[in-house]
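Peer 1: model21.cif is reproduced below (mmCIF, C-alpha atoms and all ligand atoms).
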```cif
data_work
#
loop_
_atom_site.label_atom_id
_atom_site.label_comp_id
_atom_site.auth_asym_id
_atom_site.auth_seq_id
_atom_site.Cartn_x
_atom_site.Cartn_y
_atom_site.Cartn_z
CA MET D 1 269.99 158.01 -58.81
CA SER D 2 266.35 157.63 -57.98
CA THR D 3 264.22 155.58 -60.30
CA SER D 4 260.67 156.80 -59.89
CA LYS D 5 257.97 154.34 -60.78
CA PRO D 6 255.90 155.51 -63.74
CA VAL D 7 252.51 156.77 -62.58
CA ARG D 8 249.71 154.56 -63.82
CA LYS D 9 247.32 156.41 -66.02
CA THR D 10 243.61 156.41 -65.28
CA ASN D 11 241.95 153.51 -67.07
CA LEU D 12 238.87 154.66 -68.98
CA LEU D 13 237.45 151.13 -68.84
CA ASN D 14 237.30 151.45 -65.07
CA PHE D 15 234.49 154.03 -65.20
CA GLY D 16 230.77 153.50 -65.04
CA HIS D 17 228.68 156.09 -66.85
CA GLU D 18 227.94 158.16 -63.73
CA ALA D 19 231.49 158.06 -62.45
CA LEU D 20 232.78 159.18 -65.84
CA LYS D 21 230.39 162.15 -65.79
CA GLN D 22 231.85 163.13 -62.44
CA TYR D 23 235.37 162.72 -63.82
CA PHE D 24 234.63 165.20 -66.61
CA VAL D 25 232.88 167.63 -64.30
CA ASP D 26 235.92 167.58 -62.00
CA MET D 27 238.01 168.33 -65.08
CA GLY D 28 235.88 171.37 -65.87
CA GLU D 29 234.19 169.64 -68.81
CA LYS D 30 230.55 169.01 -69.56
CA PRO D 31 229.05 165.75 -68.29
CA PHE D 32 227.80 164.77 -71.78
CA ARG D 33 231.43 164.08 -72.70
CA ALA D 34 231.07 160.97 -70.58
CA THR D 35 228.20 159.72 -72.73
CA GLN D 36 230.25 160.33 -75.87
CA ILE D 37 233.23 158.44 -74.48
CA ILE D 38 231.06 155.57 -73.17
CA LYS D 39 229.66 155.18 -76.70
CA TRP D 40 233.09 155.18 -78.30
CA LEU D 41 234.37 152.63 -75.82
CA HIS D 42 231.49 150.26 -75.33
CA GLN D 43 229.31 150.64 -78.41
CA LEU D 44 231.83 151.37 -81.13
CA MET D 45 234.50 149.33 -79.33
CA VAL D 46 237.23 151.84 -80.04
CA ASP D 47 240.57 151.46 -78.26
CA ASP D 48 242.20 154.73 -79.23
CA VAL D 49 241.23 158.23 -78.08
CA ASP D 50 242.32 159.64 -81.45
CA GLN D 51 239.45 157.86 -83.15
CA MET D 52 236.92 159.70 -80.99
CA SER D 53 236.13 162.26 -83.67
CA ASN D 54 233.50 164.26 -81.79
CA ILE D 55 235.93 165.01 -78.96
CA SER D 56 237.92 168.21 -79.43
CA LYS D 57 241.61 167.97 -80.21
CA PRO D 58 242.72 169.61 -76.93
CA LEU D 59 240.54 167.29 -74.85
CA ARG D 60 241.83 164.29 -76.76
CA THR D 61 245.37 165.41 -76.07
CA ARG D 62 244.59 165.77 -72.41
CA LEU D 63 242.91 162.37 -72.28
CA LYS D 64 245.92 160.77 -73.93
CA GLU D 65 248.15 162.29 -71.30
CA GLU D 66 246.06 161.30 -68.34
CA THR D 67 244.19 158.17 -69.33
CA GLU D 68 244.52 154.87 -71.09
CA ILE D 69 242.18 152.15 -72.35
CA ARG D 70 243.46 149.01 -70.74
CA ALA D 71 241.61 145.71 -70.84
CA PRO D 72 242.86 142.46 -69.32
CA GLN D 73 245.51 140.94 -71.54
CA VAL D 74 244.56 137.82 -73.52
CA MET D 75 246.95 135.00 -72.75
CA LEU D 76 245.05 132.24 -74.45
CA ASP D 77 242.10 132.21 -76.80
CA ARG D 78 240.74 128.79 -77.67
CA GLU D 79 237.74 127.59 -79.59
CA SER D 80 236.08 124.28 -78.86
CA ALA D 81 234.73 121.92 -81.51
CA ASP D 82 231.19 123.04 -80.57
CA GLY D 83 231.95 126.75 -81.08
CA THR D 84 232.44 127.50 -77.39
CA ARG D 85 235.30 129.89 -76.97
CA LYS D 86 237.41 130.50 -73.91
CA TRP D 87 239.75 133.34 -73.10
CA LEU D 88 242.37 133.17 -70.41
CA PHE D 89 243.24 136.67 -69.25
CA ARG D 90 246.29 137.86 -67.44
CA LEU D 91 245.63 140.68 -65.00
CA ASP D 92 248.11 143.40 -64.09
CA ASP D 93 249.10 141.67 -60.87
CA GLY D 94 249.84 138.41 -62.68
CA ASN D 95 246.59 136.70 -61.67
CA ALA D 96 244.57 134.91 -64.33
CA ILE D 97 240.84 134.65 -64.97
CA GLU D 98 238.69 132.95 -67.58
CA THR D 99 235.74 134.00 -69.72
CA VAL D 100 233.64 131.70 -71.89
CA PHE D 101 231.43 132.39 -74.92
CA ILE D 102 228.70 129.82 -75.62
CA PRO D 103 226.86 130.07 -78.96
CA GLU D 104 223.51 128.36 -79.16
CA GLY D 105 221.33 129.13 -82.18
CA GLU D 106 220.22 132.75 -82.04
CA ARG D 107 221.68 133.18 -78.60
CA GLY D 108 225.28 133.82 -77.68
CA THR D 109 226.03 133.84 -73.99
CA LEU D 110 229.15 135.26 -72.41
CA CYS D 111 230.02 133.81 -69.03
CA VAL D 112 231.93 136.46 -67.05
CA SER D 113 234.11 136.03 -63.95
CA SER D 114 233.72 138.33 -60.94
CA GLN D 115 236.64 137.37 -58.69
CA VAL D 116 240.07 135.79 -58.82
CA GLY D 117 239.27 132.48 -57.18
CA CYS D 118 236.33 132.17 -54.83
CA ALA D 119 235.81 132.20 -51.08
CA LEU D 120 232.68 130.08 -50.92
CA ASP D 121 234.35 126.69 -51.03
CA CYS D 122 231.52 124.75 -52.66
CA THR D 123 232.68 121.15 -52.51
CA PHE D 124 231.86 120.29 -56.16
CA CYS D 125 233.49 123.32 -57.81
CA ALA D 126 236.99 123.48 -59.28
CA THR D 127 237.33 127.22 -58.69
CA ALA D 128 236.99 126.63 -54.93
CA ARG D 129 240.23 124.64 -54.99
CA GLN D 130 242.29 127.73 -55.70
CA GLY D 131 240.85 129.69 -52.78
CA PHE D 132 240.03 133.37 -52.84
CA ASN D 133 242.49 135.91 -54.09
CA ARG D 134 240.68 139.20 -54.78
CA ASN D 135 237.74 140.98 -56.32
CA LEU D 136 237.89 142.00 -59.96
CA THR D 137 237.72 145.70 -60.76
CA LEU D 138 235.06 147.20 -63.00
CA ALA D 139 237.62 147.39 -65.82
CA GLU D 140 238.45 143.72 -65.38
CA MET D 141 234.80 142.66 -65.48
CA ILE D 142 233.54 144.90 -68.29
CA GLY D 143 236.90 144.31 -69.97
CA GLN D 144 236.00 140.63 -70.41
CA LEU D 145 232.91 141.64 -72.39
CA TRP D 146 234.84 144.33 -74.25
CA VAL D 147 237.60 141.96 -75.37
CA ALA D 148 235.22 139.10 -76.17
CA ARG D 149 233.00 141.32 -78.29
CA ARG D 150 235.97 142.82 -80.10
CA SER D 151 237.44 139.37 -80.81
CA LEU D 152 234.12 138.03 -82.06
CA GLN D 153 233.70 141.05 -84.31
CA GLN D 154 236.94 140.28 -86.07
CA ASN D 155 235.21 137.47 -87.99
CA PRO D 156 231.62 138.68 -88.00
CA ARG D 157 229.08 135.85 -88.00
CA ALA D 158 225.42 136.07 -87.13
CA ASP D 159 225.75 133.11 -84.77
CA ARG D 160 228.72 134.58 -82.94
CA VAL D 161 227.16 137.62 -81.33
CA ILE D 162 226.95 138.20 -77.59
CA THR D 163 223.24 138.50 -76.84
CA ASN D 164 223.33 137.48 -73.17
CA VAL D 165 225.72 137.86 -70.28
CA VAL D 166 225.77 135.62 -67.23
CA MET D 167 227.87 136.38 -64.16
CA MET D 168 228.61 132.67 -63.81
CA GLY D 169 232.33 132.48 -64.26
CA MET D 170 234.80 132.34 -61.42
CA GLY D 171 233.84 133.93 -58.13
CA GLU D 172 230.74 135.02 -56.25
CA PRO D 173 229.48 138.22 -57.90
CA LEU D 174 227.48 139.34 -54.86
CA LEU D 175 230.66 139.42 -52.79
CA ASN D 176 231.94 142.03 -55.25
CA LEU D 177 228.83 144.17 -55.31
CA ASP D 178 230.46 147.61 -55.42
CA ASN D 179 232.16 146.82 -58.71
CA LEU D 180 229.38 144.55 -59.95
CA ILE D 181 226.68 147.23 -59.93
CA PRO D 182 228.38 149.68 -62.33
CA THR D 183 229.45 146.71 -64.48
CA LEU D 184 225.87 145.49 -64.85
CA ALA D 185 224.71 149.07 -65.42
CA LEU D 186 227.10 149.39 -68.39
CA MET D 187 225.91 146.08 -69.80
CA MET D 188 222.34 147.41 -69.77
CA ASP D 189 223.17 151.04 -70.70
CA ASP D 190 221.78 152.01 -74.11
CA HIS D 191 224.92 154.03 -74.75
CA ALA D 192 227.05 150.97 -74.03
CA TYR D 193 226.04 147.33 -74.59
CA GLY D 194 222.30 147.95 -74.35
CA LEU D 195 221.39 144.45 -73.18
CA SER D 196 217.94 144.12 -71.66
CA ARG D 197 217.61 143.11 -68.02
CA ARG D 198 216.28 139.76 -69.16
CA ARG D 199 219.59 139.11 -70.88
CA VAL D 200 221.85 139.98 -67.98
CA THR D 201 221.92 137.34 -65.27
CA VAL D 202 223.65 137.33 -61.92
CA SER D 203 224.28 133.88 -60.51
CA THR D 204 224.72 133.63 -56.76
CA SER D 205 225.00 131.06 -54.04
CA GLY D 206 222.85 133.39 -51.96
CA VAL D 207 224.68 136.18 -50.18
CA LEU D 208 221.49 137.58 -48.73
CA PRO D 209 222.32 141.13 -47.58
CA ALA D 210 223.98 141.77 -50.96
CA LEU D 211 220.98 140.33 -52.75
CA GLU D 212 218.73 142.86 -51.02
CA ARG D 213 221.06 145.68 -52.03
CA LEU D 214 221.17 144.49 -55.62
CA ALA D 215 217.38 144.35 -55.74
CA ASP D 216 217.22 147.93 -54.44
CA THR D 217 219.65 149.16 -57.07
CA LEU D 218 219.17 147.34 -60.38
CA ASP D 219 216.75 145.10 -62.15
CA VAL D 220 218.53 142.05 -63.56
CA SER D 221 217.75 138.38 -63.92
CA LEU D 222 218.69 136.16 -61.04
CA ALA D 223 219.98 132.61 -61.01
CA VAL D 224 220.49 130.95 -57.65
CA SER D 225 222.77 127.99 -57.07
CA LEU D 226 220.49 125.84 -54.97
CA HIS D 227 221.76 122.30 -55.66
CA ALA D 228 219.78 120.68 -52.86
CA PRO D 229 216.17 120.41 -51.66
CA ASN D 230 217.03 120.70 -47.95
CA ASP D 231 219.57 122.21 -45.58
CA ALA D 232 221.16 118.88 -44.64
CA ILE D 233 222.35 118.31 -48.20
CA ARG D 234 222.99 121.94 -49.07
CA ASP D 235 225.14 122.47 -45.97
CA LYS D 236 227.52 119.89 -47.38
CA LEU D 237 227.61 121.26 -50.92
CA VAL D 238 227.45 125.01 -50.38
CA PRO D 239 228.99 125.93 -47.00
CA LEU D 240 227.41 129.40 -47.25
CA ASN D 241 224.12 127.65 -46.52
CA ARG D 242 225.09 127.40 -42.86
CA LYS D 243 225.01 131.18 -42.74
CA TYR D 244 221.98 131.74 -44.99
CA PRO D 245 219.82 128.61 -44.91
CA ILE D 246 217.29 127.67 -47.57
CA ALA D 247 214.18 129.16 -45.93
CA GLU D 248 215.85 132.57 -45.67
CA LEU D 249 217.23 132.26 -49.18
CA ILE D 250 213.81 131.55 -50.61
CA ALA D 251 212.23 134.40 -48.67
CA ALA D 252 214.86 136.79 -50.02
CA CYS D 253 214.33 135.51 -53.57
CA ARG D 254 210.61 136.00 -53.15
CA ARG D 255 211.23 139.67 -52.25
CA PHE D 256 213.59 139.98 -55.22
CA VAL D 257 210.96 138.68 -57.62
CA ASP D 258 208.25 140.88 -56.12
CA ARG D 259 210.35 143.98 -56.59
CA LYS D 260 211.13 143.28 -60.22
CA THR D 261 209.49 145.57 -62.71
CA THR D 262 209.55 143.24 -65.71
CA GLN D 263 206.65 141.09 -66.74
CA ARG D 264 208.66 137.92 -66.68
CA LYS D 265 209.31 137.48 -63.01
CA HIS D 266 210.98 134.31 -61.92
CA ILE D 267 214.09 132.87 -60.33
CA THR D 268 216.23 130.38 -62.20
CA TRP D 269 217.40 127.68 -59.80
CA GLU D 270 220.63 125.94 -60.69
CA TYR D 271 220.91 122.37 -59.54
CA VAL D 272 224.07 120.37 -60.18
CA MET D 273 223.33 116.67 -60.63
CA LEU D 274 225.61 114.63 -58.37
CA GLU D 275 225.24 110.88 -58.38
CA GLY D 276 223.84 109.53 -55.12
CA VAL D 277 224.05 112.93 -53.43
CA ASN D 278 221.05 115.00 -54.54
CA ASP D 279 219.58 113.18 -57.54
CA SER D 280 216.95 110.76 -56.19
CA GLU D 281 213.24 110.79 -57.00
CA ASN D 282 212.47 111.76 -53.41
CA GLU D 283 214.79 114.71 -53.70
CA ALA D 284 213.05 115.79 -56.91
CA ARG D 285 209.70 115.69 -55.12
CA GLU D 286 211.12 117.55 -52.15
CA LEU D 287 212.46 120.22 -54.51
CA ALA D 288 209.06 120.51 -56.18
CA ARG D 289 207.46 121.17 -52.78
CA LEU D 290 210.16 123.60 -51.73
CA LEU D 291 209.69 125.92 -54.70
CA ARG D 292 205.91 125.71 -54.80
CA ASP D 293 205.28 129.32 -53.82
CA ILE D 294 207.82 131.13 -55.94
CA PRO D 295 207.85 131.60 -59.74
CA SER D 296 210.66 129.29 -60.77
CA LYS D 297 212.57 127.79 -63.62
CA ILE D 298 214.92 124.97 -62.85
CA ASN D 299 218.17 124.36 -64.66
CA LEU D 300 219.71 120.96 -64.03
CA ILE D 301 223.47 120.98 -64.54
CA PRO D 302 225.17 117.64 -65.16
CA PHE D 303 228.20 117.69 -62.88
CA ASN D 304 231.46 118.45 -64.67
CA PRO D 305 234.23 116.44 -63.10
CA PHE D 306 237.74 117.73 -62.41
CA PRO D 307 240.83 115.99 -61.04
CA ASP D 308 240.57 114.56 -57.51
CA THR D 309 236.89 115.26 -57.08
CA ARG D 310 234.90 112.88 -54.93
CA TYR D 311 231.71 113.41 -56.97
CA ARG D 312 230.34 111.72 -60.06
CA ARG D 313 227.88 112.95 -62.63
CA SER D 314 224.38 111.48 -62.37
CA SER D 315 223.46 109.17 -65.23
CA ASN D 316 221.34 110.59 -68.04
CA ASN D 317 218.50 108.32 -66.97
CA ARG D 318 218.52 109.72 -63.49
CA ILE D 319 218.74 113.29 -64.71
CA HIS D 320 215.76 112.75 -67.01
CA ARG D 321 213.76 111.04 -64.27
CA PHE D 322 214.49 114.00 -61.97
CA GLN D 323 213.43 116.38 -64.71
CA ASP D 324 210.19 114.48 -65.40
CA ILE D 325 209.09 114.65 -61.78
CA LEU D 326 209.61 118.40 -61.73
CA ILE D 327 207.85 118.86 -65.06
CA GLN D 328 204.90 116.86 -63.78
CA ALA D 329 204.82 119.18 -60.79
CA GLY D 330 204.43 122.07 -63.24
CA TYR D 331 207.93 123.49 -63.53
CA THR D 332 209.88 124.54 -66.59
CA VAL D 333 213.02 122.44 -66.35
CA THR D 334 216.01 122.55 -68.65
CA ILE D 335 219.08 120.39 -68.64
CA ARG D 336 222.19 122.42 -69.27
CA LYS D 337 224.12 121.13 -72.22
CA THR D 338 227.70 120.45 -71.37
CA ARG D 339 229.64 122.69 -73.67
CA GLY D 340 233.28 123.27 -74.28
CA ASP D 341 234.53 120.53 -72.03
CA ASP D 342 237.28 119.73 -74.52
CA ILE D 343 238.78 123.10 -73.57
CA ASP D 344 237.92 122.93 -69.83
CA ALA D 345 235.35 125.64 -70.28
CA ALA D 346 232.37 123.91 -68.69
CA CYS D 347 230.70 125.08 -65.46
CA GLY D 348 232.88 124.54 -62.46
CA GLN D 349 235.94 123.81 -64.56
CA LEU D 350 237.21 127.37 -64.64
CA ALA D 351 240.31 127.48 -62.57
CA GLY D 352 242.06 130.55 -63.93
CA GLN D 353 245.49 129.17 -63.70
CA VAL D 354 247.79 128.32 -66.46
CA ASN D 355 247.52 124.57 -66.35
CA ASP D 356 250.14 122.37 -67.89
CA ARG D 357 248.40 122.06 -71.19
CA SER D 358 247.93 125.79 -71.63
CA ARG D 359 251.40 126.51 -70.35
CA ARG D 360 252.72 124.36 -73.17
CA GLU D 361 250.54 126.23 -75.64
CA VAL D 362 251.75 129.61 -74.42
CA HIS D 363 255.26 128.29 -74.75
CA PHE D 364 254.66 127.15 -78.31
CA ALA D 365 252.99 130.43 -79.19
CA ARG D 366 256.10 132.23 -78.00
CA LEU D 367 258.32 129.95 -80.02
CA GLU D 368 256.25 130.56 -83.12
CA GLN D 369 256.50 134.29 -82.61
CA GLY D 370 260.24 133.82 -82.44
N1 LIG P 1 229.31 131.89 -57.35
C1 LIG P 1 228.20 131.99 -58.24
C2 LIG P 1 228.55 131.95 -59.72
C3 LIG P 1 229.60 130.98 -60.24
S1 LIG P 1 229.31 129.27 -60.55
C4 LIG P 1 227.20 130.89 -57.92
O1 LIG P 1 227.45 130.12 -57.02
O2 LIG P 1 226.14 130.86 -58.53
C5 LIG P 1 228.24 129.00 -61.88
C6 LIG P 1 227.43 127.71 -61.70
O3 LIG P 1 228.18 126.50 -61.96
C7 LIG P 1 226.92 127.57 -60.28
O4 LIG P 1 225.60 127.15 -60.28
C8 LIG P 1 227.83 126.50 -59.74
O5 LIG P 1 227.27 125.92 -58.61
C9 LIG P 1 227.96 125.58 -60.92
N2 LIG P 1 229.08 124.64 -60.79
C10 LIG P 1 230.19 124.77 -60.04
N3 LIG P 1 230.99 123.69 -60.16
C11 LIG P 1 230.37 122.85 -61.02
C12 LIG P 1 230.71 121.58 -61.56
N4 LIG P 1 231.85 120.98 -61.26
N5 LIG P 1 229.84 121.02 -62.43
C13 LIG P 1 228.71 121.66 -62.78
N6 LIG P 1 228.34 122.86 -62.30
C14 LIG P 1 229.16 123.45 -61.43
#
```
As structure tokens, what does this structure read like?
Peer 2:
Amino acid sequence: MSTSKPVRKTNLLNFGHEALKQYFVDMGEKPFRATQIIKWLHQLMVDDVDQMSNISKPLRTRLKEETEIRAPQVMLDRESADGTRKWLFRLDDGNAIETVFIPEGERGTLCVSSQVGCALDCTFCATARQGFNRNLTLAEMIGQLWVARRSLQQNPRADRVITNVVMMGMGEPLLNLDNLIPTLALMMDDHAYGLSRRRVTVSTSGVLPALERLADTLDVSLAVSLHAPNDAIRDKLVPLNRKYPIAELIAACRRFVDRKTTQRKHITWEYVMLEGVNDSENEARELARLLRDIPSKINLIPFNPFPDTRYRRSSNNRIHRFQDILIQAGYTVTIRKTRGDDIDAACGQLAGQVNDRSRREVHFARLEQG
């Protein structure tokens, strides 16, 4: 007897707006069906074709036969004392990724992952430890936003709304550009999430050819993980720097800023504060000189430790001294608040594996469900 594997249905969450138009055209339908479906999925957050009341019965029947709406499966959903919320998702192939929601006054930021693991091997990042596994699909990236928004809507609160998205979770988004572009486009699509380009940020260590392509395709905000004022230090922290050194990185960022159509043109530079590595007054002055010719905001990130790391977080005094020097040089400098570290949701702590603590929780959840 032959057991044929069930054919996987087409996942509607895996379509960008344009690709969905093509899908309907190939089906002999009108392209505007795509816009209707995009609205049902990403604006009205519907998970059932039968609720799509402006779609004809026969087309709904056909869609139910051929397609499904499948987001990554939530394995764990935890809320920190400070309101930060973290989801651990299980993907179809058994891999896991994490997504974090950070409420802060009027703003609610969702931190989205772009890859399972990461290939860049930055020496101060926990994700690097797990190595690179694979790129996330469009459905897996937009699915993080889709699930997070649906979960937050279950207990509606004005201070629990996703107003901003940052591609700052696990992975290097610019190494997954083909899936990233339609994902960002949906985030900014008025028929979908409708976020403005100021509220959608791609964070990168500086994959330069991909950065040029992104700039040619879409207008989003850019955050660059700089972490050092010179190549000698950056080579040690971000190995990618040996391929694309700081001078080239800054030149590429300059072109990115020049091509932007918004009024508010700047690069946000992320700078992790590592004791005795990159946090001296001289290094602050060197950084101030380095960024002199490019519109910049600087975001200092207190290092978040993880097991077996060789680095330590700079003291608050040192971080503030560093900040003062940059402010005196004329920069806008923020210090990132460390959020959600009681649930391992802080920057660089996302590891996407079921650690012992969460494994126990999953176990208990199963027991409770009987
Ligand atoms: N690969 C992309 C996006 C993911 S990381 C990038 O490099 O920008 C998001 C930010 O957290 C980056 O600036 C990263 O350098 C920083 N980060 C990584 N590990 C950290 C840690 N242990 N403590 C604080 N920030 C960290």
Peer 1: Kindly work out which residues sit at most 8 Å from ligand LIG 1 (chain P), using all atoms listed in the file, and give the list as an NGL selection string.
Peer 2: :D and (113 or 118 or 120 or 122 or 124-127 or 167-173 or 202-206 or 223-227 or 270-273 or 301-306 or 346-349)
Peer 1: From the list D:Ile233, D:Met187, D:Ala192, D:Ala148, which residue is nearest Ala34 (chain D) when using all atoms listed in the file?
Peer 2: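 Checking each candidate against Ala34 (chain D), we get D:Ala192 as the closest.
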Peer 1: Enclose region 306-319 of chain D, meaning all of its atoms listed in the file, in a box aligned along x, y and z, pad it by 5 Å on each side, and list the centre and edge lengths in Å to one decimal, as AutoDock Vina command-line options.
Peer 2:
```
--center_x 229.7 --center_y 113.0 --center_z -61.5 --size_x 32.3 --size_y 19.4 --size_z 23.1
```
Peer 1: What does the distance from CA of Ile142 (chain D) to CA of Glu18 (chain D) come to in Å, to one decimal?
Peer 2: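 Separating CA of Ile142 (chain D) from CA of Glu18 (chain D) is a distance of 15.1 Å.
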Peer 1: Fewer than 6 positions away in the same chain doesn't count, so skip those; otherwise give me all residues within 8 Å of Ile343 (chain D), counting all atoms listed in the file, as a compact mmCIF listing (two decimals) with C-alpha atoms, in the frame of the given file.
Peer 2:
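After the write, part-v4.txt holds the following:
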```
# COMPACT_ATOMS: atom_id res chain seq x y z
CA ARG D 78 240.74 128.79 -77.67
CA GLU D 79 237.74 127.59 -79.59
CA SER D 80 236.08 124.28 -78.86
CA LYS D 86 237.41 130.50 -73.91
```
Peer 1: Please report the interatomic distance between CA of Asp159 (chain D) and CA of Gly108 (chain D) in Å with one decimal.
Peer 2: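 Answer for the CA of Asp159 (chain D) to CA of Gly108 (chain D) separation: 7.1 Å.
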Peer 1: When you count all atoms listed in the file, which of these residues is closest to Gln43 (chain D): D:Tyr331, D:Tyr193, D:Tyr311, D:Phe256?
Peer 2: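 For Gln43 (chain D), the nearest of the given residues is D:Tyr193.
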Peer 1: Name the residues in contact with Glu104 (chain D) at a cut-off of 9 Å, using all atoms listed in the file, excluding same-chain residues fewer than 2 positions from it; report them as a list in words.
Peer 2: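 Counting all atoms listed in the file, the residues come to Gly83, Ile102, Glu106, Arg107, Gly108, Thr109, Asp159 and Arg160 of chain D.
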Peer 1: Create the file for the chosen residues now, containing C-alpha atoms and written as a PDB file, in the coordinates of the input.
Peer 2:
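Output (selection.pdb):
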```
ATOM      1  CA  GLY D  83     231.950 126.750 -81.080  1.00  0.00           C
ATOM      2  CA  ILE D 102     228.700 129.820 -75.620  1.00  0.00           C
ATOM      3  CA  GLU D 106     220.220 132.750 -82.040  1.00  0.00           C
ATOM      4  CA  ARG D 107     221.680 133.180 -78.600  1.00  0.00           C
ATOM      5  CA  GLY D 108     225.280 133.820 -77.680  1.00  0.00           C
ATOM      6  CA  THR D 109     226.030 133.840 -73.990  1.00  0.00           C
ATOM      7  CA  ASP D 159     225.750 133.110 -84.770  1.00  0.00           C
ATOM      8  CA  ARG D 160     228.720 134.580 -82.940  1.00  0.00           C
TER       9      ARG D 160
END
```
Peer 1: Around the point (244.3, 139.1, -68.3), in the coordinates given by the file, pick out the residues reaching within 6 Å, counting all atoms listed in the file, and return them as an NGL selection string.
Peer 2: :D and (72-74 or 89-91 or 96)
Peer 1: Can you tell me, as a list in words, what residues are no more than 12 Å from Lys243 (chain D) when counting only C-alpha atoms, ignoring any on the same chain fewer than 2 positions away?
Peer 2: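 Returned residues: Leu120, Ser205, Gly206, Val207, Leu208, Pro209, Asp231, Arg234, Asp235, Val238, Pro239, Leu240, Asn241, Pro245, Ile246, Ala247, Glu248 and Leu249 of chain D.
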